[in-house]
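Okay, protein_14.csv now, which holds CSV, C-alpha atoms:
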chain,number,residue,atom,x,y,z
C,1,MET,CA,73.6,159.1,116.4
C,2,GLY,CA,76.6,158.7,118.6
C,3,ALA,CA,77.7,155.4,119.9
C,4,GLY,CA,75.9,154.4,123.1
C,5,GLY,CA,73.1,156.9,122.6
C,6,ARG,CA,70.5,154.3,123.5
C,7,MET,CA,70.4,152.2,126.6
C,8,SER,CA,68.0,149.4,127.6
C,9,SER,CA,65.9,149.9,130.7
C,10,ALA,CA,67.6,146.8,132.2
C,11,THR,CA,71.0,148.4,131.9
C,12,THR,CA,69.8,151.6,133.4
C,13,LYS,CA,68.3,149.8,136.4
C,14,THR,CA,71.6,147.9,136.9
C,15,GLU,CA,73.5,151.1,136.9
C,16,ASP,CA,71.1,152.8,139.3
C,17,LYS,CA,71.6,149.9,141.8
C,18,LYS,CA,75.4,150.2,141.6
C,19,ASN,CA,77.0,151.0,145.0
C,20,PRO,CA,77.5,154.8,144.9
C,21,LEU,CA,80.2,154.7,147.6
C,22,LYS,CA,82.4,152.3,145.6
C,23,ARG,CA,85.6,154.1,144.6
C,24,VAL,CA,85.8,155.1,141.0
C,25,PRO,CA,89.0,154.0,139.1
C,26,TYR,CA,91.9,156.4,139.4
C,27,SER,CA,94.2,155.0,136.8
C,28,LYS,CA,94.4,156.7,133.4
C,29,PRO,CA,91.2,155.8,131.5
C,30,PRO,CA,91.3,153.6,128.4
C,31,PHE,CA,89.5,156.4,126.4
C,32,THR,CA,90.3,159.9,125.4
C,33,VAL,CA,88.3,163.1,125.3
C,34,GLY,CA,88.0,162.6,121.6
C,35,ASP,CA,86.5,159.2,122.1
C,36,ILE,CA,84.0,160.7,124.5
C,37,LYS,CA,83.1,163.4,122.1
C,38,LYS,CA,82.5,160.9,119.3
C,39,ALA,CA,80.0,159.1,121.5
C,40,ILE,CA,77.8,162.2,121.7
C,41,PRO,CA,75.4,163.1,118.9
C,42,PRO,CA,76.9,166.2,117.1
C,43,HIS,CA,73.8,168.3,117.5
C,44,CYS,CA,74.4,168.3,121.3
C,45,PHE,CA,77.2,170.8,120.8
C,46,LYS,CA,75.0,173.3,118.9
C,47,ARG,CA,73.8,176.4,120.7
C,48,SER,CA,70.6,178.0,119.9
C,49,LEU,CA,70.2,181.7,120.7
C,50,LEU,CA,66.4,181.5,120.5
C,51,ARG,CA,66.2,178.3,122.7
C,52,SER,CA,68.6,179.7,125.2
C,53,PHE,CA,66.6,182.9,125.5
C,54,SER,CA,63.4,180.9,125.9
C,55,TYR,CA,64.7,179.6,129.2
C,56,VAL,CA,65.5,183.1,130.4
C,57,VAL,CA,62.0,184.3,129.5
C,58,TYR,CA,60.4,181.3,131.2
C,59,ASP,CA,62.4,181.7,134.4
C,60,LEU,CA,61.8,185.5,134.6
C,61,THR,CA,58.1,185.0,133.9
C,62,LEU,CA,57.9,182.7,136.9
C,63,VAL,CA,59.9,185.2,139.0
C,64,THR,CA,57.5,188.0,138.0
C,65,LEU,CA,54.4,185.8,138.6
C,66,PHE,CA,55.6,184.8,142.1
C,67,TYR,CA,56.4,188.5,142.9
C,68,TYR,CA,53.0,189.6,141.7
C,69,ILE,CA,51.1,187.0,143.8
C,70,ALA,CA,53.1,187.8,146.9
C,71,THR,CA,52.7,191.5,146.7
C,72,THR,CA,49.1,191.5,145.5
C,73,TYR,CA,47.4,188.8,147.5
C,74,PHE,CA,49.4,187.8,150.6
C,75,HIS,CA,48.2,190.8,152.6
C,76,LEU,CA,44.6,189.8,151.8
C,77,LEU,CA,45.0,186.4,153.4
C,78,PRO,CA,43.6,185.9,156.9
C,79,SER,CA,46.0,185.0,159.7
C,80,PRO,CA,47.8,182.7,160.0
C,81,TYR,CA,47.7,181.9,156.2
C,82,ASN,CA,49.3,185.2,155.3
C,83,TYR,CA,52.3,184.2,157.4
C,84,LEU,CA,52.4,180.6,156.0
C,85,ALA,CA,52.3,181.9,152.5
C,86,TRP,CA,55.7,183.6,152.7
C,87,PRO,CA,57.9,180.5,153.3
C,88,VAL,CA,56.2,179.0,150.2
C,89,TYR,CA,57.0,182.1,148.2
C,90,TRP,CA,60.6,182.1,149.5
C,91,ILE,CA,61.2,178.4,148.5
C,92,PHE,CA,59.5,178.7,145.0
C,93,GLN,CA,61.3,182.1,144.2
C,94,GLY,CA,64.6,180.9,145.6
C,95,CYS,CA,64.5,177.7,143.5
C,96,VAL,CA,63.5,179.5,140.2
C,97,CYS,CA,66.2,182.2,140.8
C,98,THR,CA,68.7,179.4,141.2
C,99,GLY,CA,67.8,178.4,137.7
C,100,VAL,CA,68.4,182.0,136.6
C,101,TRP,CA,71.8,181.7,138.3
C,102,VAL,CA,72.5,178.6,136.3
C,103,ILE,CA,71.7,180.3,133.0
C,104,ALA,CA,74.1,183.1,133.9
C,105,HIS,CA,76.7,180.4,134.8
C,106,GLU,CA,76.1,179.0,131.3
C,107,CYS,CA,76.8,182.4,129.8
C,108,GLY,CA,80.2,182.4,131.6
C,109,HIS,CA,81.0,179.1,129.8
C,110,HIS,CA,80.0,180.5,126.4
C,111,ALA,CA,77.3,177.9,126.3
C,112,PHE,CA,74.4,180.3,125.8
C,113,SER,CA,74.9,181.3,122.2
C,114,ASP,CA,77.5,181.5,119.4
C,115,TYR,CA,78.1,185.2,120.3
C,116,GLN,CA,80.5,186.0,123.1
C,117,TRP,CA,79.1,189.5,123.5
C,118,VAL,CA,75.6,188.2,123.9
C,119,ASP,CA,76.7,185.6,126.5
C,120,ASP,CA,78.6,188.2,128.5
C,121,THR,CA,75.8,190.8,128.3
C,122,VAL,CA,73.1,188.3,129.5
C,123,GLY,CA,75.4,186.8,132.1
C,124,LEU,CA,76.4,190.2,133.5
C,125,ILE,CA,72.8,191.4,133.8
C,126,LEU,CA,71.5,188.1,135.4
C,127,HIS,CA,74.4,187.6,137.8
C,128,SER,CA,74.6,191.3,138.8
C,129,ALA,CA,70.8,191.1,139.7
C,130,LEU,CA,71.8,188.2,142.1
C,131,LEU,CA,74.8,190.2,143.5
C,132,VAL,CA,77.3,188.0,141.7
C,133,PRO,CA,80.4,189.6,140.1
C,134,TYR,CA,79.9,188.0,136.7
C,135,PHE,CA,83.4,188.3,135.1
C,136,SER,CA,85.2,187.8,138.4
C,137,TRP,CA,83.4,184.5,139.0
C,138,LYS,CA,83.6,183.5,135.3
C,139,TYR,CA,87.4,183.6,135.3
C,140,SER,CA,87.9,181.8,138.7
C,141,HIS,CA,85.3,179.2,137.7
C,142,ARG,CA,87.0,178.7,134.4
C,143,ARG,CA,90.2,177.9,136.3
C,144,HIS,CA,88.2,175.4,138.4
C,145,HIS,CA,87.2,173.6,135.2
C,146,SER,CA,90.8,173.7,134.0
C,147,ASN,CA,92.1,172.2,137.3
C,148,THR,CA,89.3,170.1,138.7
C,149,GLY,CA,90.6,167.5,141.2
C,150,SER,CA,94.0,169.1,141.6
C,151,LEU,CA,95.0,169.7,145.2
C,152,GLU,CA,97.4,172.5,144.2
C,153,ARG,CA,95.4,174.4,141.5
C,154,ASP,CA,91.7,173.7,141.8
C,155,GLU,CA,89.8,176.9,142.8
C,156,VAL,CA,86.9,175.8,145.0
C,157,PHE,CA,86.2,173.2,147.8
C,158,VAL,CA,89.8,172.2,147.8
C,159,PRO,CA,90.1,169.6,150.5
C,160,LYS,CA,93.0,169.7,153.0
C,161,PRO,CA,95.3,166.9,154.1
C,162,LYS,CA,95.0,165.8,157.7
C,163,SER,CA,98.2,167.6,158.7
C,164,LYS,CA,96.7,171.0,157.6
C,165,MET,CA,93.4,170.6,159.4
C,166,ALA,CA,92.5,173.4,161.9
C,167,TRP,CA,93.0,172.6,165.5
C,168,TYR,CA,89.3,173.0,166.3
C,169,SER,CA,88.2,170.5,163.5
C,170,LYS,CA,88.1,167.6,165.9
C,171,TYR,CA,85.6,169.5,168.1
C,172,LEU,CA,83.2,169.9,165.1
C,173,ASN,CA,83.4,166.3,164.1
C,174,ASN,CA,80.1,165.4,165.8
C,175,PRO,CA,76.4,166.0,165.0
C,176,PRO,CA,76.1,169.4,166.7
C,177,GLY,CA,79.4,170.5,165.0
C,178,ARG,CA,78.2,169.3,161.6
C,179,VAL,CA,75.0,171.3,162.0
C,180,ILE,CA,77.0,174.4,162.8
C,181,THR,CA,79.4,173.8,159.9
C,182,LEU,CA,76.6,173.2,157.4
C,183,THR,CA,74.6,176.1,158.5
C,184,ILE,CA,77.5,178.5,158.2
C,185,THR,CA,78.5,177.0,154.8
C,186,LEU,CA,75.1,177.2,153.3
C,187,THR,CA,74.3,180.8,154.6
C,188,LEU,CA,77.7,182.5,154.5
C,189,GLY,CA,79.8,180.2,152.3
C,190,TRP,CA,79.1,182.0,149.0
C,191,PRO,CA,79.8,185.6,150.2
C,192,LEU,CA,82.8,184.4,152.2
C,193,TYR,CA,84.2,182.7,149.1
C,194,LEU,CA,83.7,185.8,147.0
C,195,ALA,CA,85.1,188.3,149.5
C,196,PHE,CA,87.8,186.2,151.3
C,197,ASN,CA,88.4,183.1,149.1
C,198,VAL,CA,87.2,180.8,151.9
C,199,SER,CA,87.4,177.2,150.8
C,200,GLY,CA,89.2,178.3,147.7
C,201,ARG,CA,92.7,177.7,146.4
C,202,PRO,CA,95.4,179.1,148.7
C,203,TYR,CA,97.3,182.0,147.2
C,204,ASP,CA,100.5,183.7,148.5
C,205,ARG,CA,98.5,186.8,149.4
C,206,PHE,CA,95.0,188.0,150.0
C,207,ALA,CA,92.6,186.9,147.3
C,208,CYS,CA,89.2,188.5,146.7
C,209,HIS,CA,86.8,188.3,143.7
C,210,TYR,CA,86.1,192.0,143.9
C,211,ASP,CA,89.8,193.0,143.7
C,212,PRO,CA,90.9,193.6,140.0
C,213,TYR,CA,94.5,193.4,141.1
C,214,GLY,CA,94.2,190.3,143.3
C,215,PRO,CA,96.2,187.1,142.5
C,216,ILE,CA,93.2,185.4,141.0
C,217,TYR,CA,93.3,187.5,137.8
C,218,ASN,CA,95.8,188.5,135.2
C,219,ASP,CA,96.4,191.8,133.5
C,220,ARG,CA,94.0,191.1,130.6
C,221,GLU,CA,91.1,190.4,132.9
C,222,ARG,CA,91.4,193.4,135.3
C,223,LEU,CA,89.1,195.8,133.3
C,224,GLN,CA,86.3,193.2,133.3
C,225,ILE,CA,86.7,192.7,137.1
C,226,TYR,CA,85.9,196.5,137.4
C,227,ILE,CA,82.8,196.0,135.2
C,228,SER,CA,81.7,193.1,137.5
C,229,ASP,CA,82.1,195.4,140.5
C,230,VAL,CA,80.1,198.1,138.8
C,231,GLY,CA,77.3,195.6,138.2
C,232,VAL,CA,77.2,194.6,141.8
C,233,ILE,CA,77.4,198.2,143.0
C,234,ALA,CA,74.6,199.2,140.7
C,235,THR,CA,72.3,196.5,141.9
C,236,SER,CA,73.2,197.3,145.5
C,237,TYR,CA,72.3,200.9,145.0
C,238,LEU,CA,69.0,199.9,143.4
C,239,LEU,CA,68.2,197.7,146.4
C,240,TYR,CA,69.0,200.6,148.7
C,241,ARG,CA,66.6,202.8,146.9
C,242,VAL,CA,63.9,200.1,147.0
C,243,ALA,CA,64.5,199.7,150.8
C,244,MET,CA,64.1,203.4,151.3
C,245,ALA,CA,60.9,203.4,149.4
C,246,LYS,CA,59.3,200.2,150.5
C,247,GLY,CA,61.1,199.4,153.8
C,248,LEU,CA,63.9,197.0,154.7
C,249,ALA,CA,61.5,194.3,155.9
C,250,TRP,CA,59.7,194.4,152.5
C,251,LEU,CA,63.0,194.0,150.6
C,252,ILE,CA,64.1,191.2,152.8
C,253,CYS,CA,60.9,189.3,152.3
C,254,ILE,CA,60.7,189.8,148.5
C,255,TYR,CA,64.4,189.6,147.6
C,256,GLY,CA,66.6,188.9,150.6
C,257,VAL,CA,65.3,185.5,151.7
C,258,PRO,CA,65.0,184.1,148.1
C,259,LEU,CA,68.6,185.2,147.5
C,260,LEU,CA,69.7,183.4,150.7
C,261,ILE,CA,68.1,180.2,149.2
C,262,VAL,CA,69.9,180.8,145.9
C,263,ASN,CA,73.2,181.2,147.6
C,264,GLY,CA,72.6,178.1,149.8
C,265,PHE,CA,71.7,176.0,146.8
C,266,LEU,CA,74.6,177.0,144.6
C,267,VAL,CA,77.0,176.2,147.5
C,268,LEU,CA,75.3,172.9,148.2
C,269,ILE,CA,75.2,171.9,144.5
C,270,THR,CA,78.9,172.7,144.0
C,271,TYR,CA,79.8,171.0,147.3
C,272,LEU,CA,78.0,167.7,146.5
C,273,GLN,CA,79.3,167.6,143.0
C,274,HIS,CA,82.9,167.6,144.1
C,275,THR,CA,82.7,166.0,147.6
C,276,HIS,CA,82.0,162.3,147.7
C,277,PRO,CA,83.7,159.3,149.4
C,278,SER,CA,84.2,157.6,146.0
C,279,LEU,CA,86.0,160.5,144.3
C,280,PRO,CA,89.8,160.9,144.3
C,281,HIS,CA,91.9,164.1,144.3
C,282,TYR,CA,95.4,164.2,142.8
C,283,ASP,CA,98.6,166.0,143.5
C,284,SER,CA,100.9,167.2,140.7
C,285,SER,CA,102.6,163.9,140.3
C,286,GLU,CA,99.3,162.2,139.3
C,287,TRP,CA,96.9,164.8,138.1
C,288,ASP,CA,95.8,165.2,134.5
C,289,TRP,CA,92.9,167.1,133.1
C,290,LEU,CA,90.7,164.1,132.1
C,291,ARG,CA,91.0,162.2,135.4
C,292,GLY,CA,90.3,165.5,137.2
C,293,ALA,CA,87.2,166.2,135.1
C,294,LEU,CA,85.9,162.7,135.8
C,295,ALA,CA,86.4,163.3,139.6
C,296,THR,CA,82.9,164.6,140.0
C,297,VAL,CA,79.5,163.1,140.6
C,298,ASP,CA,76.0,163.5,139.2
C,299,ARG,CA,73.3,164.0,141.8
C,300,ASP,CA,69.6,163.6,141.8
C,301,TYR,CA,67.5,166.5,143.1
C,302,GLY,CA,64.2,165.1,142.0
C,303,VAL,CA,61.9,167.7,140.4
C,304,LEU,CA,64.6,170.4,141.1
C,305,ASN,CA,66.8,168.8,138.4
C,306,LYS,CA,64.6,170.5,135.8
C,307,VAL,CA,64.2,173.7,137.8
C,308,PHE,CA,68.0,173.9,138.0
C,309,HIS,CA,68.4,173.2,134.3
C,310,ASN,CA,70.0,169.8,134.9
C,311,ILE,CA,73.2,171.3,136.3
C,312,THR,CA,72.8,168.8,139.1
C,313,ASP,CA,72.4,165.5,137.2
C,314,THR,CA,74.6,166.2,134.2
C,315,HIS,CA,77.6,167.6,135.9
C,316,VAL,CA,80.1,165.0,134.6
C,317,ALA,CA,79.2,165.9,131.0
C,318,HIS,CA,79.4,169.6,131.9
C,319,HIS,CA,83.0,169.2,133.2
C,320,LEU,CA,84.0,167.3,130.0
C,321,PHE,CA,82.3,169.8,127.6
C,322,SER,CA,81.5,173.0,129.4
C,323,THR,CA,80.4,174.9,126.3
C,324,MET,CA,77.6,172.4,125.7
C,325,PRO,CA,74.2,174.0,126.3
C,326,HIS,CA,72.2,172.6,129.3
C,327,TYR,CA,69.3,171.5,127.1
C,328,HIS,CA,71.5,168.9,125.4
C,329,ALA,CA,73.4,167.7,128.5
C,330,MET,CA,71.0,164.9,129.5
C,331,GLU,CA,71.1,163.4,126.0
C,332,ALA,CA,74.9,163.7,126.1
C,333,THR,CA,75.1,162.1,129.6
C,334,LYS,CA,73.1,159.1,128.4
C,335,ALA,CA,75.4,158.7,125.4
C,336,ILE,CA,78.7,158.7,127.3
C,337,LYS,CA,77.7,156.6,130.3
C,338,PRO,CA,78.4,153.2,128.5
C,339,LEU,CA,81.8,154.4,127.4
C,340,LEU,CA,82.8,155.9,130.8
C,341,GLY,CA,81.7,152.7,132.6
C,342,GLU,CA,83.0,152.8,136.2
C,343,TYR,CA,84.6,156.2,135.6
C,344,TYR,CA,81.1,157.6,135.6
C,345,GLN,CA,79.6,158.3,139.0
C,346,LEU,CA,75.9,158.8,139.8
C,347,ASP,CA,74.6,159.0,143.4
C,348,GLY,CA,70.8,159.0,143.7
C,349,THR,CA,70.9,159.6,147.5
C,350,PRO,CA,68.5,162.5,148.3
C,351,PHE,CA,70.5,165.6,148.5
C,352,TYR,CA,69.6,166.4,152.1
C,353,LYS,CA,70.8,162.9,153.2
C,354,ALA,CA,73.9,163.2,151.0
C,355,MET,CA,74.8,166.6,152.5
C,356,TRP,CA,74.8,165.1,156.0
C,357,ARG,CA,76.7,162.0,155.0
C,358,GLU,CA,79.4,163.9,153.1
C,359,ALA,CA,79.8,166.4,156.0
C,360,LYS,CA,80.4,163.3,158.2
C,361,GLU,CA,82.6,161.2,155.9
C,362,CYS,CA,84.6,163.7,153.9
C,363,ILE,CA,86.7,165.7,156.4
C,364,TYR,CA,90.1,165.6,154.9
C,365,VAL,CA,92.1,163.8,152.2
C,366,GLU,CA,95.1,161.4,152.5
C,367,PRO,CA,96.6,158.8,150.2
C,368,ASP,CA,96.1,155.2,151.1
C,369,GLU,CA,98.9,153.5,152.9
C,370,GLY,CA,101.7,152.9,150.4
C,371,GLY,CA,99.8,155.1,147.9
C,372,LYS,CA,101.2,158.1,146.2
C,373,GLY,CA,99.7,161.1,144.5
C,374,VAL,CA,96.1,159.9,144.8
C,375,PHE,CA,94.1,161.2,147.8
C,376,TRP,CA,90.8,160.0,149.2
C,377,TYR,CA,88.4,161.4,151.7
C,378,LYS,CA,88.7,160.2,155.3
C,379,ASN,CA,87.2,161.3,158.6
C,380,LYS,CA,89.2,159.9,161.5
C,381,LEU,CA,90.6,162.9,163.4
Please, can you express the file's structure as structure tokens?
Amino acid sequence: MGAGGRMSSATTKTEDKKNPLKRVPYSKPPFTVGDIKKAIPPHCFKRSLLRSFSYVVYDLTLVTLFYYIATTYFHLLPSPYNYLAWPVYWIFQGCVCTGVWVIAHECGHHAFSDYQWVDDTVGLILHSALLVPYFSWKYSHRRHHSNTGSLERDEVFVPKPKSKMAWYSKYLNNPPGRVITLTITLTLGWPLYLAFNVSGRPYDRFACHYDPYGPIYNDRERLQIYISDVGVIATSYLLYRVAMAKGLAWLICIYGVPLLIVNGFLVLITYLQHTHPSLPHYDSSEWDWLRGALATVDRDYGVLNKVFHNITDTHVAHHLFSTMPHYHAMEATKAIKPLLGEYYQLDGTPFYKAMWREAKECIYVEPDEGGKGVFWYKNKL
């Protein structure tokens, strides 16, 4: 067993009561990636093709079950129960499909199996079914992992310094403005990021996840970007044929609204993992990979932690070892917490409260007075 694999309940309670808003250390940590890896039981790094597929089968079985119940029984319910049943379906189906999305994300990290072709095949099918360009996102997301916390090179939710905030930002820094901002972010944020690189790293020209010749990708990756586009186009055509056969309203109820929930959750999960008052960002004078990887926070989504395959509450470990399968990430997290100490950040604030707090407190980044190279979230416009 790796060092620190067991913790007493007293230690756990003490850690849970730690002030989640206290800034994490930003100096170079007294441990290396090798030290962290040694603290984790070796079996945590082993991928099982059978076990990974069991999660795919489980999730898709639930998706099929919810679909069957909705299409077979909802129209038999008396009013108003037939109308009340649909929001329940949307929430359940959206949450389970978010778990499917997470498994495809795991394929993109080569954490699904020992076979790259299996990972890419499964990931392409699952992500295309959710209108995600698999390879396009795989490569941009890999660069996010390579540059987490860097103000110059990170790929997503890159905060701006105060001097580069839009002129209208001060008019949105109030409760109604935050409602508008969060609503747009959770509903349109994902397609806007894919199509226009909104909230992504600035490039010297237009960047788009669907463009094989865009600045996000290199020459070796361009063919796979075409394959990603074919996957999305094929799914879009299938949805078009379904809409022609069943009607647009039917398609929206069965597929469209759950997909909106999936998109909202994946944006929210990513946002909350990298946006927190306690987390630093670094410019090129201070950034290094380990400190950047540690500049993320584990969150508690309650029962949804399991539904989302623990991508929510084991994200620190995921950033340190992204090829580790999700079903070992919780054990690995418990093993590394004693070693990471104050460099590990967990915030148990309910996600809906944390979303509002972060939207209020984390507006832009600036270094402290007299500080250099290390940037912190601030909100005074």
Residue nearest His276 of chain C among C:Val230, C:Ile311, C:Asp347, C:Met324 (counting only C-alpha atoms):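 Smallest separation from His276 of chain C among the options: C:Asp347.
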Polymer residues at most 12 Å from (83.9, 155.3, 131.1) by only C-alpha atoms, as a PyMOL selection string: chain C and resi 4+24-33+35-36+39+290-291+294-295+316-317+333-345
Counting all atoms listed in the file, give me one row per residue of segment 191-283 of chain C with an atom at most 6 Å from an atom of segment 92-106 of chain C, showing the shortest contact pair and its distance in Å to one decimal, sorted by chain then residue number, as a tab-separated table.
residue	atom	partner	partner_atom	distance
C:Pro258	CA	C:Gly94	CA	4.1
C:Ile261	CA	C:Gly94	CA	5.1
C:Val262	CA	C:Thr98	CA	5.0
Write out as a short mmCIF file (atom, residue, chain, number, x, y, z; two decimals) with C-alpha atoms, in the coordinates of the input the residues lying within 7 Å of segment 165-178 of chain C, counting all atoms listed in the file and excluding same-chain residues fewer than 5 positions away.
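Saved file part17.cif follows:
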data_model
loop_
_atom_site.label_atom_id
_atom_site.label_comp_id
_atom_site.auth_asym_id
_atom_site.auth_seq_id
_atom_site.Cartn_x
_atom_site.Cartn_y
_atom_site.Cartn_z
CA LYS C 160 93.00 169.70 153.00
CA ALA C 359 79.80 166.40 156.00
CA LEU C 381 90.60 162.90 163.40
#
Ile254 of chain C surroundings by only C-alpha atoms, 10 Å radius, close-in-sequence under 3 positions cut, as a list in words: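 Everything that qualifies: Phe66, Tyr67, Ala70, Thr71, Trp86, Tyr89, Trp90, Gln93, Ala249, Trp250, Leu251, Val257, Pro258 and Leu259 of chain C.
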Distance of atom CA of Asn147 of chain C from atom CA of Asp283 of chain C, expressed in Å to one decimal place: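 These atoms are spaced 10.9 Å apart.
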Using only C-alpha atoms: which of C:His43, C:Leu76, C:Leu126, C:Asp219 has the shortest distance to Val57 of chain C: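 Looking at the shortest contact to Val57 of chain C, the residue is C:Leu126.
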Neighbour list for segment 207-218 of chain C as a ChimeraX atom specification, cut-off 8 Å, only C-alpha atoms, skip fewer than 6 positions in-chain: /C:133,136-137,139-140,194-197,225-226,228-229
Atomic distance atom CA of Asp59 of chain C - atom CA of Val303 of chain C, expressed in Å with one decimal: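 Atom-to-atom, atom CA of Asp59 of chain C to atom CA of Val303 of chain C, that is 15.2 Å.
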d(atom CA of Val158 of chain C, atom CA of Thr275 of chain C) in Å: 9.4 Å
